[in-house]
file protein-v5.txt (compact mmCIF, C-alpha atoms)
# COMPACT_ATOMS: atom_id res chain seq x y z
CA MET A 1 4.44 26.42 -26.43
CA SER A 2 5.22 27.54 -22.91
CA GLY A 3 6.33 30.83 -21.41
CA SER A 4 8.49 31.61 -18.44
CA ARG A 5 6.42 32.82 -15.50
CA THR A 6 7.94 34.64 -12.57
CA SER A 7 6.29 36.28 -9.59
CA GLY A 8 5.62 39.95 -10.18
CA ARG A 9 4.19 42.89 -8.25
CA ARG A 10 0.41 43.04 -8.58
CA SER A 11 -0.27 46.71 -8.99
CA ARG A 12 -4.05 46.46 -8.77
CA PRO A 13 -6.47 43.88 -7.35
CA ARG A 14 -7.53 41.15 -9.75
CA THR A 15 -9.89 38.24 -9.67
CA PRO A 16 -8.13 34.91 -10.28
CA LEU A 17 -6.61 35.19 -13.72
CA ALA A 18 -8.15 32.07 -15.12
CA SER A 19 -11.63 33.19 -14.07
CA ALA A 20 -11.02 36.63 -15.53
CA ALA A 21 -10.00 35.19 -18.86
CA LEU A 22 -12.96 32.83 -18.97
CA ALA A 23 -15.25 35.79 -18.25
CA PHE A 24 -14.04 37.75 -21.30
CA ALA A 25 -16.49 36.20 -23.75
CA ALA A 26 -19.54 37.21 -21.72
CA LEU A 27 -18.21 40.59 -20.65
CA LEU A 28 -16.86 41.60 -24.05
CA GLY A 29 -20.17 41.00 -25.80
CA GLY A 30 -20.48 44.74 -26.41
CA THR A 31 -16.86 45.37 -27.25
CA LEU A 32 -17.35 46.13 -30.83
CA GLY A 33 -19.05 50.56 -30.73
CA GLY A 34 -28.31 57.79 -27.66
CA THR A 35 -29.79 60.05 -29.65
CA LEU A 36 -29.04 62.63 -32.26
CA ALA A 37 -26.59 65.35 -31.31
CA GLY A 38 -28.99 68.21 -30.87
CA ALA A 39 -32.67 68.59 -31.69
CA ALA A 40 -33.65 68.05 -35.31
CA PRO A 41 -35.23 71.00 -37.12
CA ALA A 42 -38.31 70.87 -39.27
CA ALA A 43 -38.27 68.74 -42.41
CA ALA A 44 -35.77 69.83 -45.05
CA SER A 45 -34.94 68.75 -48.56
CA PRO A 46 -31.51 67.76 -49.91
CA GLY A 47 -29.41 70.89 -50.19
CA SER A 48 -31.39 72.67 -47.50
CA GLY A 49 -31.54 72.40 -43.74
CA PRO A 50 -28.46 72.24 -41.49
CA THR A 51 -25.47 70.60 -43.13
CA ALA A 52 -24.52 67.37 -41.37
CA ILE A 53 -21.84 64.74 -40.96
CA VAL A 54 -23.28 61.43 -39.74
CA ALA A 55 -21.51 58.50 -38.06
CA MET A 56 -22.90 54.97 -38.34
CA GLY A 57 -21.74 51.54 -37.25
CA ASP A 58 -20.09 50.01 -34.20
CA SER A 59 -18.08 50.89 -31.11
CA TYR A 60 -15.00 52.07 -32.98
CA ILE A 61 -16.97 55.07 -34.19
CA SER A 62 -19.70 55.33 -31.53
CA GLY A 63 -17.18 56.60 -28.98
CA GLU A 64 -16.72 53.54 -26.76
CA ALA A 65 -14.00 54.22 -24.13
CA GLY A 66 -14.24 57.99 -24.55
CA ARG A 67 -14.51 58.13 -20.76
CA TRP A 68 -10.76 57.60 -20.38
CA ARG A 69 -7.78 59.93 -20.84
CA GLY A 70 -5.07 57.28 -20.74
CA ASN A 71 -4.78 54.41 -18.24
CA SER A 72 -3.93 54.56 -14.54
CA LEU A 73 -3.37 51.87 -11.91
CA THR A 74 -5.14 53.99 -9.28
CA ASP A 75 -8.59 52.52 -8.69
CA SER A 76 -10.20 55.37 -6.72
CA GLY A 77 -11.12 59.00 -7.15
CA SER A 78 -10.28 60.48 -10.52
CA ARG A 79 -7.86 57.61 -11.26
CA ASP A 80 -5.02 60.15 -11.53
CA GLY A 81 -7.19 62.33 -13.75
CA THR A 82 -7.97 59.66 -16.35
CA ASP A 83 -11.66 59.15 -15.50
CA ARG A 84 -13.83 61.81 -17.09
CA ALA A 85 -16.92 60.39 -15.36
CA TRP A 86 -15.63 61.18 -11.87
CA THR A 87 -17.91 63.54 -9.94
CA GLY A 88 -15.98 63.69 -6.69
CA GLY A 89 -15.29 61.35 -3.80
CA SER A 90 -16.05 57.80 -4.90
CA THR A 91 -18.91 58.59 -7.29
CA TYR A 92 -18.96 58.40 -11.07
CA ASP A 93 -21.52 59.44 -13.66
CA PRO A 94 -20.92 57.88 -17.10
CA THR A 95 -23.69 60.07 -18.55
CA LEU A 96 -21.21 62.96 -18.37
CA VAL A 97 -19.41 61.24 -21.25
CA TYR A 98 -21.96 58.93 -22.88
CA GLY A 99 -25.13 60.93 -22.28
CA ASP A 100 -28.32 58.89 -22.27
CA THR A 101 -26.56 56.07 -24.13
CA ALA A 102 -24.66 55.15 -20.97
CA ALA A 103 -27.77 53.20 -19.96
CA ASN A 104 -28.28 51.10 -23.09
CA GLY A 105 -24.57 50.53 -23.73
CA CYS A 106 -24.36 52.21 -27.15
CA HIS A 107 -21.77 54.50 -25.52
CA ARG A 108 -21.89 57.47 -27.87
CA SER A 109 -19.31 59.68 -26.22
CA ASP A 110 -18.96 63.43 -26.37
CA SER A 111 -15.50 62.84 -27.87
CA SER A 112 -16.59 60.33 -30.52
CA GLU A 113 -15.08 60.60 -33.97
CA VAL A 114 -17.90 62.58 -35.50
CA ARG A 115 -18.31 64.85 -32.47
CA SER A 116 -14.57 65.56 -32.67
CA ALA A 117 -14.66 66.37 -36.40
CA THR A 118 -14.83 70.09 -35.74
CA GLY A 119 -13.82 72.98 -37.94
CA THR A 120 -15.46 71.63 -41.08
CA GLY A 121 -18.28 74.13 -41.18
CA ALA A 122 -20.86 71.34 -40.90
CA GLN A 123 -23.70 72.55 -38.70
CA ALA A 124 -24.63 69.17 -37.20
CA LEU A 125 -22.40 66.29 -36.08
CA ILE A 126 -24.74 63.32 -35.66
CA ASN A 127 -23.85 59.97 -34.11
CA LEU A 128 -26.10 56.97 -34.90
CA ALA A 129 -23.46 54.31 -34.15
CA CYS A 130 -23.84 51.85 -31.29
CA SER A 131 -21.27 49.76 -29.46
CA GLY A 132 -21.73 46.10 -30.32
CA ALA A 133 -23.53 46.72 -33.61
CA THR A 134 -23.22 44.33 -36.55
CA THR A 135 -24.09 44.88 -40.20
CA HIS A 136 -27.62 43.61 -39.53
CA ASN A 137 -28.13 46.53 -37.14
CA VAL A 138 -27.37 48.91 -40.02
CA PHE A 139 -29.71 47.42 -42.64
CA ARG A 140 -33.22 48.85 -42.95
CA ALA A 141 -35.84 46.85 -41.07
CA ALA A 142 -37.71 46.33 -44.34
CA ASN A 143 -34.63 44.62 -45.77
CA GLY A 144 -33.57 42.35 -42.91
CA GLY A 145 -32.32 44.97 -40.48
CA GLN A 146 -32.55 44.35 -36.75
CA SER A 147 -33.17 46.69 -33.86
CA PHE A 148 -30.38 46.79 -31.27
CA LYS A 149 -30.26 47.88 -27.64
CA GLY A 150 -33.75 49.31 -27.89
CA GLU A 151 -33.04 51.35 -31.01
CA ALA A 152 -34.29 51.04 -34.58
CA PRO A 153 -31.87 49.86 -37.31
CA GLN A 154 -29.41 52.62 -38.08
CA ALA A 155 -30.45 53.00 -41.74
CA ASP A 156 -34.00 53.74 -40.58
CA GLN A 157 -32.62 56.32 -38.17
CA LEU A 158 -30.64 57.81 -41.05
CA ALA A 159 -33.87 58.29 -43.01
CA ALA A 160 -35.10 60.76 -40.39
CA VAL A 161 -31.79 62.62 -40.41
CA ALA A 162 -31.72 62.79 -44.22
CA ALA A 163 -35.19 64.33 -44.22
CA SER A 164 -34.31 67.08 -41.75
CA HIS A 165 -30.69 67.83 -42.62
CA ASP A 166 -28.48 68.34 -45.64
CA VAL A 167 -26.29 65.28 -45.14
CA GLU A 168 -22.87 65.75 -46.71
CA VAL A 169 -20.78 62.86 -45.33
CA ILE A 170 -21.71 59.52 -43.78
CA ALA A 171 -18.82 57.78 -41.98
CA LEU A 172 -19.27 54.04 -41.50
CA SER A 173 -17.32 51.63 -39.28
CA ILE A 174 -18.77 48.11 -39.40
CA GLY A 175 -17.80 44.46 -39.76
CA GLY A 176 -15.64 43.90 -36.69
CA ASN A 177 -18.42 42.37 -34.62
CA ASP A 178 -19.54 40.22 -37.56
CA LEU A 179 -15.98 38.92 -37.75
CA GLY A 180 -15.90 38.20 -34.00
CA PHE A 181 -13.43 40.75 -32.59
CA ALA A 182 -14.62 40.11 -29.02
CA SER A 183 -14.14 36.36 -29.25
CA ILE A 184 -10.70 36.82 -30.84
CA ILE A 185 -9.61 39.08 -27.97
CA GLU A 186 -11.03 36.63 -25.44
CA LYS A 187 -9.30 33.64 -27.03
CA CYS A 188 -5.91 35.34 -27.35
CA ALA A 189 -6.01 36.66 -23.78
CA LYS A 190 -7.02 33.25 -22.45
CA ASP A 191 -4.21 31.58 -24.39
CA TYR A 192 -1.73 33.96 -22.73
CA ILE A 193 -3.14 33.79 -19.19
CA VAL A 194 -4.39 30.22 -18.91
CA TRP A 195 -3.18 27.91 -21.65
CA TYR A 196 0.31 29.25 -22.42
CA SER A 197 -0.37 28.74 -26.11
CA TYR A 198 -0.75 30.88 -29.22
CA CYS A 199 -4.08 31.98 -30.67
CA HIS A 200 -3.10 33.33 -34.08
CA ASP A 201 -3.13 30.05 -35.98
CA ASP A 202 -6.65 28.87 -35.13
CA GLN A 203 -8.06 32.42 -35.12
CA GLN A 204 -6.68 33.09 -38.59
CA LEU A 205 -8.54 30.02 -39.83
CA LEU A 206 -11.80 31.35 -38.37
CA VAL A 207 -11.22 34.79 -39.86
CA ASP A 208 -10.59 33.29 -43.30
CA GLN A 209 -13.79 31.24 -43.02
CA ARG A 210 -15.92 34.25 -42.09
CA ILE A 211 -14.47 37.20 -43.95
CA ASP A 212 -16.16 36.73 -47.34
CA THR A 213 -19.61 36.72 -45.72
CA VAL A 214 -18.67 39.69 -43.55
CA MET A 215 -17.54 41.72 -46.53
CA ALA A 216 -20.72 40.88 -48.43
CA ASN A 217 -22.72 42.23 -45.51
CA VAL A 218 -20.56 45.35 -45.28
CA ALA A 219 -21.25 45.93 -48.98
CA LYS A 220 -24.97 45.51 -48.30
CA ALA A 221 -24.74 48.05 -45.47
CA VAL A 222 -23.37 50.61 -47.93
CA ASP A 223 -26.18 49.73 -50.35
CA GLU A 224 -28.74 50.23 -47.58
CA ILE A 225 -27.33 53.66 -46.80
CA ARG A 226 -27.48 54.63 -50.45
CA ALA A 227 -31.06 53.35 -50.75
CA VAL A 228 -32.10 55.53 -47.81
CA MET A 229 -30.44 58.58 -49.31
CA SER A 230 -31.97 57.96 -52.71
CA THR A 231 -35.43 57.64 -51.20
CA ALA A 232 -34.85 60.93 -49.40
CA GLY A 233 -34.14 62.58 -52.77
CA TYR A 234 -30.35 62.78 -52.68
CA ALA A 235 -28.39 62.37 -55.89
CA PRO A 236 -25.36 60.03 -55.55
CA ALA A 237 -22.95 62.92 -56.08
CA SER A 238 -24.57 65.12 -53.45
CA TYR A 239 -23.08 63.28 -50.45
CA ARG A 240 -20.21 60.93 -49.62
CA VAL A 241 -20.02 57.59 -47.85
CA VAL A 242 -16.71 57.09 -46.04
CA LEU A 243 -15.98 53.48 -45.11
CA GLN A 244 -13.22 53.17 -42.54
CA SER A 245 -11.09 50.34 -41.18
CA TYR A 246 -9.92 49.58 -37.65
CA PRO A 247 -6.80 50.58 -35.70
CA SER A 248 -4.75 48.08 -33.73
CA PRO A 249 -5.13 48.72 -29.97
CA ILE A 250 -2.03 46.65 -29.14
CA PRO A 251 1.55 47.06 -30.42
CA ARG A 252 3.86 44.59 -32.08
CA GLY A 253 5.69 42.34 -29.66
CA ARG A 254 8.98 44.23 -29.99
CA GLU A 255 7.16 47.51 -29.30
CA ASN A 256 5.63 46.31 -26.00
CA ARG A 257 7.25 47.86 -22.91
CA TYR A 258 6.46 44.83 -20.73
CA SER A 259 8.19 41.47 -20.87
CA GLU A 260 6.32 38.35 -21.97
CA SER A 261 7.39 36.66 -18.71
CA GLY A 262 5.89 37.51 -15.34
CA TRP A 263 2.51 39.17 -14.84
CA SER A 264 3.21 42.77 -15.81
CA ARG A 265 1.33 42.53 -19.13
CA VAL A 266 -1.74 41.38 -17.20
CA ASN A 267 -1.64 43.27 -13.90
CA THR A 268 0.17 46.45 -14.89
CA GLY A 269 -0.22 46.99 -18.62
CA GLY A 270 -3.60 45.36 -19.27
CA CYS A 271 -2.34 43.78 -22.51
CA PRO A 272 -2.26 39.99 -21.95
CA PHE A 273 -1.00 38.81 -25.34
CA TRP A 274 2.05 36.89 -26.57
CA ASN A 275 4.47 38.64 -28.90
CA LYS A 276 3.65 36.34 -31.81
CA ASP A 277 -0.07 36.89 -31.34
CA SER A 278 0.49 40.65 -31.06
CA ASP A 279 2.49 40.62 -34.30
CA TRP A 280 -0.27 38.65 -36.01
CA ALA A 281 -2.96 41.09 -34.86
CA ARG A 282 -0.95 44.17 -35.81
CA ASP A 283 0.61 43.01 -39.08
CA SER A 284 -1.82 40.39 -40.40
CA LEU A 285 -5.36 40.65 -39.00
CA VAL A 286 -5.74 44.44 -38.99
CA PRO A 287 -4.19 44.84 -42.49
CA GLN A 288 -6.24 41.94 -43.89
CA LEU A 289 -9.46 43.55 -42.70
CA ALA A 290 -8.38 46.98 -43.91
CA ASP A 291 -7.50 45.70 -47.38
CA ARG A 292 -10.81 43.90 -47.71
CA LEU A 293 -12.78 46.94 -46.54
CA ARG A 294 -10.95 49.11 -49.03
CA ALA A 295 -11.99 46.72 -51.80
CA VAL A 296 -15.62 47.04 -50.68
CA ALA A 297 -15.34 50.82 -50.70
CA ALA A 298 -13.95 50.75 -54.24
CA ALA A 299 -16.71 48.44 -55.44
CA LYS A 300 -19.42 50.62 -53.91
CA GLY A 301 -18.07 54.03 -54.88
CA ALA A 302 -17.28 55.02 -51.30
CA GLN A 303 -14.21 56.78 -49.98
CA PHE A 304 -11.94 54.76 -47.73
CA MET A 305 -10.15 55.92 -44.57
CA ASP A 306 -7.47 53.48 -43.39
CA LEU A 307 -6.98 53.54 -39.61
CA ARG A 308 -4.53 50.62 -39.35
CA ASP A 309 -1.65 52.94 -38.34
CA MET A 310 -3.68 55.53 -36.45
CA LEU A 311 -2.57 54.31 -32.99
CA GLN A 312 1.03 53.48 -33.94
CA GLY A 313 3.16 54.12 -30.83
CA ARG A 314 0.05 55.08 -28.80
CA GLU A 315 -1.30 51.55 -28.25
CA VAL A 316 -1.86 49.88 -24.88
CA CYS A 317 1.61 48.91 -23.50
CA ALA A 318 3.48 50.65 -26.34
CA THR A 319 7.07 51.58 -25.53
CA ALA A 320 6.49 55.09 -26.88
CA SER A 321 3.67 55.76 -24.39
CA SER A 322 3.21 55.39 -20.65
CA LEU A 323 0.70 54.92 -17.86
CA VAL A 324 -0.73 57.95 -16.10
CA THR A 325 0.45 58.47 -12.52
CA ALA A 326 0.06 61.15 -9.87
CA ALA A 327 3.44 62.48 -10.97
CA GLN A 328 2.67 62.20 -14.68
CA PRO A 329 -0.85 63.48 -15.42
CA PRO A 330 -2.89 62.62 -18.52
CA SER A 331 -1.31 63.95 -21.69
CA ALA A 332 -2.14 63.54 -25.36
CA THR A 333 1.59 63.41 -26.08
CA THR A 334 2.67 60.76 -23.55
CA SER A 335 -0.42 58.78 -22.47
CA GLU A 336 -1.85 55.74 -24.26
CA TRP A 337 -4.59 56.42 -26.78
CA ALA A 338 -6.43 53.12 -26.26
CA ARG A 339 -8.20 51.52 -23.31
CA TRP A 340 -6.54 48.55 -21.62
CA ILE A 341 -8.30 45.34 -20.56
CA ASP A 342 -9.74 45.79 -17.06
CA SER A 343 -11.10 42.25 -16.83
CA ASN A 344 -12.80 42.44 -13.44
CA GLU A 345 -14.19 45.95 -14.02
CA THR A 346 -12.45 47.72 -11.15
CA GLN A 347 -12.68 51.02 -13.05
CA GLY A 348 -15.51 50.66 -15.55
CA PRO A 349 -17.28 48.23 -17.89
CA VAL A 350 -15.00 45.81 -19.69
CA GLN A 351 -16.75 46.56 -22.99
CA GLU A 352 -14.62 49.71 -23.10
CA SER A 353 -11.48 47.54 -23.45
CA MET A 354 -9.33 47.66 -26.59
CA HIS A 355 -10.93 50.81 -28.05
CA PRO A 356 -9.51 54.24 -28.85
CA ASN A 357 -9.96 56.35 -25.72
CA TYR A 358 -10.59 60.09 -25.40
CA TYR A 359 -7.29 61.00 -27.05
CA GLY A 360 -7.71 58.35 -29.73
CA GLN A 361 -11.19 59.61 -30.57
CA LEU A 362 -10.06 63.21 -30.83
CA SER A 363 -7.43 61.95 -33.26
CA GLN A 364 -9.94 60.01 -35.36
CA GLY A 365 -12.14 63.08 -35.44
CA ARG A 366 -9.25 65.19 -36.70
CA CYS A 367 -8.70 62.74 -39.54
CA LEU A 368 -12.39 62.74 -40.42
CA ALA A 369 -12.31 66.53 -40.55
CA LEU A 370 -9.28 66.37 -42.85
CA LEU A 371 -11.05 63.86 -45.07
CA TYR A 372 -14.09 66.13 -45.20
CA ALA A 373 -11.80 68.64 -46.93
CA ALA A 374 -10.49 65.95 -49.32
CA PRO A 375 -13.55 64.95 -51.35
CA THR A 376 -11.82 62.37 -53.53
CA GLY A 377 -9.39 59.52 -53.06
CA ASP A 378 -8.60 57.03 -50.32
CA HIS A 379 -6.44 58.10 -47.40
CA SER A 380 -4.55 56.72 -44.40
CA CYS A 381 -4.91 58.40 -41.00
CA ARG A 382 -1.63 58.74 -39.08
CA ASN A 383 -0.31 60.41 -35.94
CA THR A 384 2.82 62.48 -35.46
CA PRO A 385 5.08 60.98 -32.76
CA GLY A 386 5.29 63.17 -29.67
CA SER A 387 2.35 65.34 -30.76
CA GLY A 388 -1.34 65.44 -29.95
CA PRO A 389 -4.52 65.03 -32.04
CA SER A 390 -4.08 68.37 -33.79
CA ALA A 391 -1.00 66.95 -35.55
CA MET A 392 -2.87 64.03 -37.17
CA TYR A 393 -2.45 63.89 -40.92
CA LEU A 394 -3.64 61.98 -44.00
CA THR A 395 -1.54 60.27 -46.61
CA SER A 396 -2.97 59.39 -50.01
CA LEU A 397 -3.49 55.70 -50.81
CA THR A 398 -3.42 56.22 -54.56
call {"tool": "encode", "arguments": {"input": "protein-v5.txt", "output": "structure tokens"}}
result
Amino acid sequence: MSGSRTSGRRSRPRTPLASAALAFAALLGGTLGGTLAGAAPAAASPGSGPTAIVAMGDSYISGEAGRWRGNSLTDSGSRDGTDRAWTGGSTYDPTLVYGDTAANGCHRSDSSEVRSATGTGAQALINLACSGATTHNVFRAANGGQSFKGEAPQADQLAAVAASHDVEVIALSIGGNDLGFASIIEKCAKDYIVWYSYCHDDQQLLVDQRIDTVMANVAKAVDEIRAVMSTAGYAPASYRVVLQSYPSPIPRGRENRYSESGWSRVNTGGCPFWNKDSDWARDSLVPQLADRLRAVAAAKGAQFMDLRDMLQGREVCATASSLVTAAQPPSATTSEWARWIDSNETQGPVQESMHPNYYGQLSQGRCLALLYAAPTGDHSCRNTPGSGPSAMYLTSLT
């Protein structure tokens, strides 16, 4: 397959496109996302101590890309107001957003899903998730769990939280890194930029080969969480595990505001994917993973929150959204809710690419807060076109 290529305006400096694409695999190693939010009190028993909502898993719940309020082509200063780490002049401090996890790359942002789940009455919003984590980073060390980025396995961290807090809800996002999200993104981008070929056929084969093992490990992660809670003295009915799926950061081909031809999808939009590959990701890959995760949740007695449509119309390059400019400042109603691919890191680390940004995370947090008030049933998280995070809503999946 070949695509028509015409010369186009390069809106921001880029390394040679082929080199940028070939660098994705190494740079995106942490694509798929600190300490506890606040000091832990003295030991408590289940039903006592501060009530808590806990987030566990990977970058899609840790808060990766929370630094950004939309995407701007301006590479200096505040980047038209999108860069929340800007401190003035040409200096940036990612710790303003990611705290002490800016250094190890876990990237737990101040706008992460759990930190944005306000208004529930829970006294502690605790984030244990880490960008790049796999299921093996959730398991207890005594049961095959692995430390990651200098931190103990997340289930072992949960044990300390369960002993000092009254944990009510544990939200879990995991499996994407096991499945190879980063390599899929790298392959599809390379096929657009370098090889002029499609990625969806060979990547679907790889997904089908891996997904059964991935789901078995996701199920084990839920079991590990339950084992920790049981050891801490919690009855199964005294808390909830919420397993969630993943949103699509890119739109369908027909919903992309940039043409397949030319270089605008690469240099302007930061979404270097063919229409057919975009359709596959949006309508096949993301739903396939969501459906399988829902089945795991059902088998393990967990609630399920479906995020497949959470970014609908707010994705990178979506026709219903726009870039931020000096004339059009960041806005939760018009700006994109996901981070574009900045392959040569002119604005920040490339591991932030293809994740819900500040606005997207506020929206996920709103849905988690709504689910907190809906103790039974599976639900889909959706946005209201033309409105901000406060207008997010749930629909029942019964």
call {"tool": "closest_residue", "arguments": {"input": "protein-v5.txt", "among": "A:Ala338, A:Val167, A:Leu158, A:Ile174", "to": "Asn71 (chain A)", "atoms": "all atoms listed in the file"}}
result
A:Ala338
call {"tool": "atom_distance", "arguments": {"input": "protein-v5.txt", "atom1": "CA of Leu128 (chain A)", "atom2": "CA of Ala171 (chain A)"}}
result
10.2 Å
call {"tool": "closest_residue", "arguments": {"input": "protein-v5.txt", "among": "A:Ala221, A:Ile211, A:Ala281, A:Ala373", "to": "Tyr198 (chain A)", "atoms": "only C-alpha atoms"}}
result
A:Ala281
call {"tool": "closest_residue", "arguments": {"input": "protein-v5.txt", "among": "A:Ala155, A:Leu371, A:Cys381, A:Val286", "to": "Gln303 (chain A)", "atoms": "only C-alpha atoms"}}
result
A:Leu371
call {"tool": "residues_around", "arguments": {"input": "protein-v5.txt", "residues": "Met305 (chain A)", "least_positions_apart": "2", "cutoff": "10 Å", "atoms": "only C-alpha atoms", "output": "MDAnalysis selection string"}}
result
chainID A and resid 171:173 242:246 290 293:294 297 302:303 307:308 367:368 371 377:381 394:397
call {"tool": "build_atoms", "arguments": {"input": "protein-v5.txt", "residues": "region 64-88 of chain A", "atoms": "N, CA and C atoms", "output": "mmCIF file, in the frame of the given file"}}
result
data_model
loop_
_atom_site.group_PDB
_atom_site.id
_atom_site.type_symbol
_atom_site.label_atom_id
_atom_site.label_comp_id
_atom_site.auth_asym_id
_atom_site.auth_seq_id
_atom_site.Cartn_x
_atom_site.Cartn_y
_atom_site.Cartn_z
ATOM 1 N N GLU A 64 -17.030 54.435 -27.872
ATOM 2 C CA GLU A 64 -16.720 53.540 -26.760
ATOM 3 C C GLU A 64 -15.331 53.851 -26.198
ATOM 4 N N ALA A 65 -15.240 53.940 -24.864
ATOM 5 C CA ALA A 65 -14.000 54.220 -24.130
ATOM 6 C C ALA A 65 -13.634 55.697 -24.107
ATOM 7 N N GLY A 66 -14.506 56.561 -24.605
ATOM 8 C CA GLY A 66 -14.240 57.990 -24.550
ATOM 9 C C GLY A 66 -14.178 58.539 -23.139
ATOM 10 N N ARG A 67 -14.564 57.726 -22.172
ATOM 11 C CA ARG A 67 -14.510 58.130 -20.760
ATOM 12 C C ARG A 67 -13.076 58.345 -20.285
ATOM 13 N N TRP A 68 -12.093 57.721 -20.945
ATOM 14 C CA TRP A 68 -10.760 57.600 -20.380
ATOM 15 C C TRP A 68 -9.708 58.426 -21.108
ATOM 16 N N ARG A 69 -8.925 59.184 -20.319
ATOM 17 C CA ARG A 69 -7.780 59.930 -20.840
ATOM 18 C C ARG A 69 -6.508 59.179 -20.414
ATOM 19 N N GLY A 70 -6.181 58.114 -21.131
ATOM 20 C CA GLY A 70 -5.070 57.280 -20.740
ATOM 21 C C GLY A 70 -5.486 56.239 -19.711
ATOM 22 N N ASN A 71 -4.521 55.483 -19.198
ATOM 23 C CA ASN A 71 -4.780 54.410 -18.240
ATOM 24 C C ASN A 71 -3.958 54.601 -16.977
ATOM 25 N N SER A 72 -4.593 54.395 -15.832
ATOM 26 C CA SER A 72 -3.930 54.560 -14.540
ATOM 27 C C SER A 72 -4.202 53.373 -13.639
ATOM 28 N N LEU A 73 -3.213 52.983 -12.837
ATOM 29 C CA LEU A 73 -3.370 51.870 -11.910
ATOM 30 C C LEU A 73 -4.170 52.257 -10.667
ATOM 31 N N THR A 74 -4.389 53.540 -10.449
ATOM 32 C CA THR A 74 -5.140 53.990 -9.280
ATOM 33 C C THR A 74 -6.629 53.701 -9.474
ATOM 34 N N ASP A 75 -7.209 52.974 -8.522
ATOM 35 C CA ASP A 75 -8.590 52.520 -8.690
ATOM 36 C C ASP A 75 -9.617 53.364 -7.947
ATOM 37 N N SER A 76 -9.256 54.534 -7.466
ATOM 38 C CA SER A 76 -10.200 55.370 -6.720
ATOM 39 C C SER A 76 -10.119 56.807 -7.204
ATOM 40 N N GLY A 77 -11.097 57.599 -6.794
ATOM 41 C CA GLY A 77 -11.120 59.000 -7.150
ATOM 42 C C GLY A 77 -11.122 59.225 -8.644
ATOM 43 N N SER A 78 -10.326 60.161 -9.088
ATOM 44 C CA SER A 78 -10.280 60.480 -10.520
ATOM 45 C C SER A 78 -9.380 59.542 -11.299
ATOM 46 N N ARG A 79 -8.827 58.525 -10.626
ATOM 47 C CA ARG A 79 -7.860 57.610 -11.260
ATOM 48 C C ARG A 79 -6.730 58.420 -11.909
ATOM 49 N N ASP A 80 -6.128 59.296 -11.082
ATOM 50 C CA ASP A 80 -5.020 60.150 -11.530
ATOM 51 C C ASP A 80 -5.436 61.054 -12.683
ATOM 52 N N GLY A 81 -6.712 61.404 -12.726
ATOM 53 C CA GLY A 81 -7.190 62.330 -13.750
ATOM 54 C C GLY A 81 -7.618 61.672 -15.046
ATOM 55 N N THR A 82 -7.597 60.327 -15.101
ATOM 56 C CA THR A 82 -7.970 59.660 -16.350
ATOM 57 C C THR A 82 -9.471 59.503 -16.524
ATOM 58 N N ASP A 83 -10.227 59.476 -15.428
ATOM 59 C CA ASP A 83 -11.660 59.150 -15.500
ATOM 60 C C ASP A 83 -12.495 60.415 -15.635
ATOM 61 N N ARG A 84 -13.023 60.625 -16.808
ATOM 62 C CA ARG A 84 -13.830 61.810 -17.090
ATOM 63 C C ARG A 84 -15.237 61.725 -16.521
ATOM 64 N N ALA A 85 -15.603 60.553 -15.971
ATOM 65 C CA ALA A 85 -16.920 60.390 -15.360
ATOM 66 C C ALA A 85 -16.895 60.629 -13.856
ATOM 67 N N TRP A 86 -15.752 60.964 -13.313
ATOM 68 C CA TRP A 86 -15.630 61.180 -11.870
ATOM 69 C C TRP A 86 -16.349 62.463 -11.464
ATOM 70 N N THR A 87 -17.167 62.380 -10.419
ATOM 71 C CA THR A 87 -17.910 63.540 -9.940
ATOM 72 C C THR A 87 -17.485 63.986 -8.552
ATOM 73 N N GLY A 88 -16.472 63.354 -8.014
ATOM 74 C CA GLY A 88 -15.980 63.690 -6.690
ATOM 75 C C GLY A 88 -16.133 62.532 -5.726
#
